[in-house]
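Below is one structure, written out as structure tokens; comments come after it.
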Amino acid sequence: MKLKLSGRILFLAADPAAVRAQLAGGQATLATVGPLRDDISTDEITPITSLVHYDETLGDHPYTGFKAGDERPIGQRAVRDGGFAVTVAGRRYGKGSSREHSPAAELAAGIRLVVAESFERIYRQNADNLGLFTSTDFGLVERIERGEEIDVAELVAGRDTLAATILRSGGLLLYGHERLGTTAKDDVSPQPASEGPLTLFEKIVRRHVVETPDTSVPTAGAGGFVRADFRFIHEYYTGMCSHLLHKTFGRPAPLRERETIVCFEDHLSYVDRSPAHVAGGLIPSARRLSAAHREFVADYGLRDHGYLEGRAGSEGISHAMMAESYALPGQLIVGTDSHTPHSGALGCVAFGVGTTDMANAMVTGAVRMVMPEVLRIELEGSIPRGVTAKDVILHLLALPSLKGGSGVGRVFEFSGPGMAGLSTDERATLTNMTAELGGFTGIVEPDEETVRFLRERRGVAFTLEPWMRSDDGADYAEVIRVDCSRIPPMVAAPGDPGNGRPLAEVTERVTLEIAYGGSCTAGKREDFDRYHEVLAWADANGLKVAPHVTLFLQFGTSAVRDYCVERGYVETFRRVGAELLEPSCGACANCGPGSSTRGDQVTVSAINRNFPGRSGPGQVWLASPPTVAASAIAGTLVSFDELRNQQPR
């Protein structure tokens, strides 16, 4: 079977002039276009404002957030109108959010093949599921320029057997309908161990393997299917999922095990105060997303955590609530969010999937995955006072090997003596941000701290089982040892979470306009303990939020809000001048207060990623909760220790 690519090739170059010239009709080649852009995120392929679309109208939007130099040279309809069929880019293409809107928009605009040096896992799997071809073979580019048809066998060469079969079938839903029907086999049972010891991740996967006509127990790099204990989705993806299901299976779709499907409205509850949505006239479209979500929930009688009655905000951020209310050690959980690994802090396997994966899982019970390698992070030493798990993860993100992509697609197992001093909330910061490391998921072996968390937070009396640990001698792709005692307060400069550096080495301390504390990563109880520690000290010393700074504190879940009310934190926050926000993804997803509105605005934020346009057009510095709070008081980037040392004794 041959793939005829009759359209033009779009080179996503680092030089904006080279991009503009192509859009104006000029021809470019690899030799003439100059360096290609690396690290193009899904926030750039389809900005958050594009996600109100979930059908063919997405074809107007690919690359509208793409940044070359200081410009965003690609406007709406530019790709569709330009007649492009192939996109070419640099390394780590499609990093960041799990939004399937990105490959869906490319397909709808006419793109049939993306060639890049490397791809992020979720993006590439989403592309496979939709039938969009991807390749790392740059030798294809010159052949396509000559007008050659490319054999599909070449495009799937080197891919695992399942991925190749899905692509040949035209996508996952067609594959699932043909090969799995609407009921995957029910013979899920612990699989016999392979020779040699196993990691905890491998053990959990083996206990959830689903046998199919094409797959059994996957080995590293091979594709397979697993049964999830929980599947969850939020309103940005429910409309697209419903559209795909009903287009493929009719109405009603045969959903499987509805009691294990959990739905959330967690992104758009502050859309009326979202600068991007208000300025773009997108409020009606956002409301349609919520309406589609609620219709789907009602039609199928699904469990839903929705918006708060009579006020802005929601019950909580999906993956934060999964850890608070659902996940248990040894389980397998999938969700339509790249930060689904949040629940890995409890000793379960939790990973993000795209909309087509979720649609397929809803009707077959089977979740597609490619068996990853496991990378072990050994945390040694004690974390110093004033340093948090956020500083640890920013340190990891800045390591040259991990910044270069050595963790892409791998499992991060966090372990070592340094873990003993970390609460489950702090562990969740580590597993949550494996998304920024490019990892498949993050996991922590459950221990007595896990048991305490489940007892005190959930009222669950959980007993650890002997198998719930990695075996001595288990095989790891790599072991990275980190001396936590040497990690200082960290920040990540604007543009990428991998731009980490010790705060003490930032010689030019920028003046801030916005400080934001919240999100799934930094909206947990212990994060609010840290905000309060700093702001209570400021209050006791007669200090308030700097006059030129707006400090937003947004709870991750309603349970976190209630905790802060009970402990008297709320009064302290208000006295120093913070604006408190009900739970929502909010500014982290450019969906609420705390997003910038101008390119020259500077924000310090406790969110997990600062890709271009992620939280508005301004410059976002990532930092830990205490650094965000201290910086809000000082009006510039400072750690809590630096803030205290600035005060007269």
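Residues are referred to by chain and number: the chain letter is A, B, ... according to the order shown in the structure tokens, the number counts from 1 in that chain, and ligands are numbered separately from 1 in the order shown.
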
Original post:
Hey, what's within 9 Å of Leu580 in chain A if we count only C-alpha atoms and toss same-chain stuff fewer than 3 positions away? As a PyMOL selection string, please?
Top reply: chain A and resi 551-555+570+573-574

**OP:** Please provide as a ChimeraX atom specification all residues within 10 Å of range 25-27 of chain A, with the sequence filter that same-chain residues fewer than 2 positions apart are discarded (counting only C-alpha atoms).
**Re:** /A:8-11,18-23,29,32-33,82-83

Could I get the residues of range 396-453 of chain A with an atom no further than 12 Å from an atom of range 98-109 of chain A, each paired with its nearest atom pair and that distance in Å to one decimal, using only C-alpha atoms, sorted by chain and residue number, as a Markdown table?
| residue | atom | partner | partner_atom | distance |
| --- | --- | --- | --- | --- |
| A:Ala435 | CA | A:Ser98 | CA | 9.3 |
| A:Glu436 | CA | A:Ser98 | CA | 11.3 |
| A:Gly438 | CA | A:Ser98 | CA | 11.1 |
| A:Phe440 | CA | A:Ser98 | CA | 11.4 |

Original post:
What's the 9 Å shell around Pro612 in chain A, counting only C-alpha atoms, without same-chain residues fewer than 3 positions away, as a PyMOL selection string?
Top reply: chain A and resi 41+43-44+65-67+494-496+615-620

With C-alpha atoms retained, write the just-selected residues as a PDB file, in the first residue's frame.
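Now in out.pdb:
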ATOM      1  CA  SER A  41       4.592  21.487  22.408  1.00  0.00           C
ATOM      2  CA  ASP A  43       0.209  24.012  23.397  1.00  0.00           C
ATOM      3  CA  GLU A  44       1.808  25.449  20.258  1.00  0.00           C
ATOM      4  CA  GLY A  65       0.493  28.897  18.793  1.00  0.00           C
ATOM      5  CA  PHE A  66       3.796  27.917  17.138  1.00  0.00           C
ATOM      6  CA  LYS A  67       6.567  30.297  18.137  1.00  0.00           C
ATOM      7  CA  PRO A 494      10.355  31.116  30.724  1.00  0.00           C
ATOM      8  CA  GLY A 495       9.843  28.873  27.724  1.00  0.00           C
ATOM      9  CA  ASP A 496      10.321  25.348  29.055  1.00  0.00           C
ATOM     10  CA  SER A 615      -0.552  30.651  30.693  1.00  0.00           C
ATOM     11  CA  GLY A 616      -1.002  33.671  28.451  1.00  0.00           C
ATOM     12  CA  PRO A 617       1.419  35.610  26.240  1.00  0.00           C
ATOM     13  CA  GLY A 618       3.718  36.743  29.084  1.00  0.00           C
ATOM     14  CA  GLN A 619       6.887  35.281  30.576  1.00  0.00           C
ATOM     15  CA  VAL A 620       6.322  32.543  33.183  1.00  0.00           C
TER      16      VAL A 620
END

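CA of Leu155 in chain A sits 12.6 Å away from CA of Leu5 in chain A.
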
Original post:
Using only C-alpha atoms, which of A:Ser269, A:Thr521, A:Asn129, A:Ser216 sits nearest Tyr175 in chain A?
Top reply: A:Asn129

Original post:
When you draw a straight line from CA of Ala587 in chain A to CA of Ser314 in chain A, how long is it in Å?
Top reply: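 Here the two named atoms are 14.2 Å from each other.
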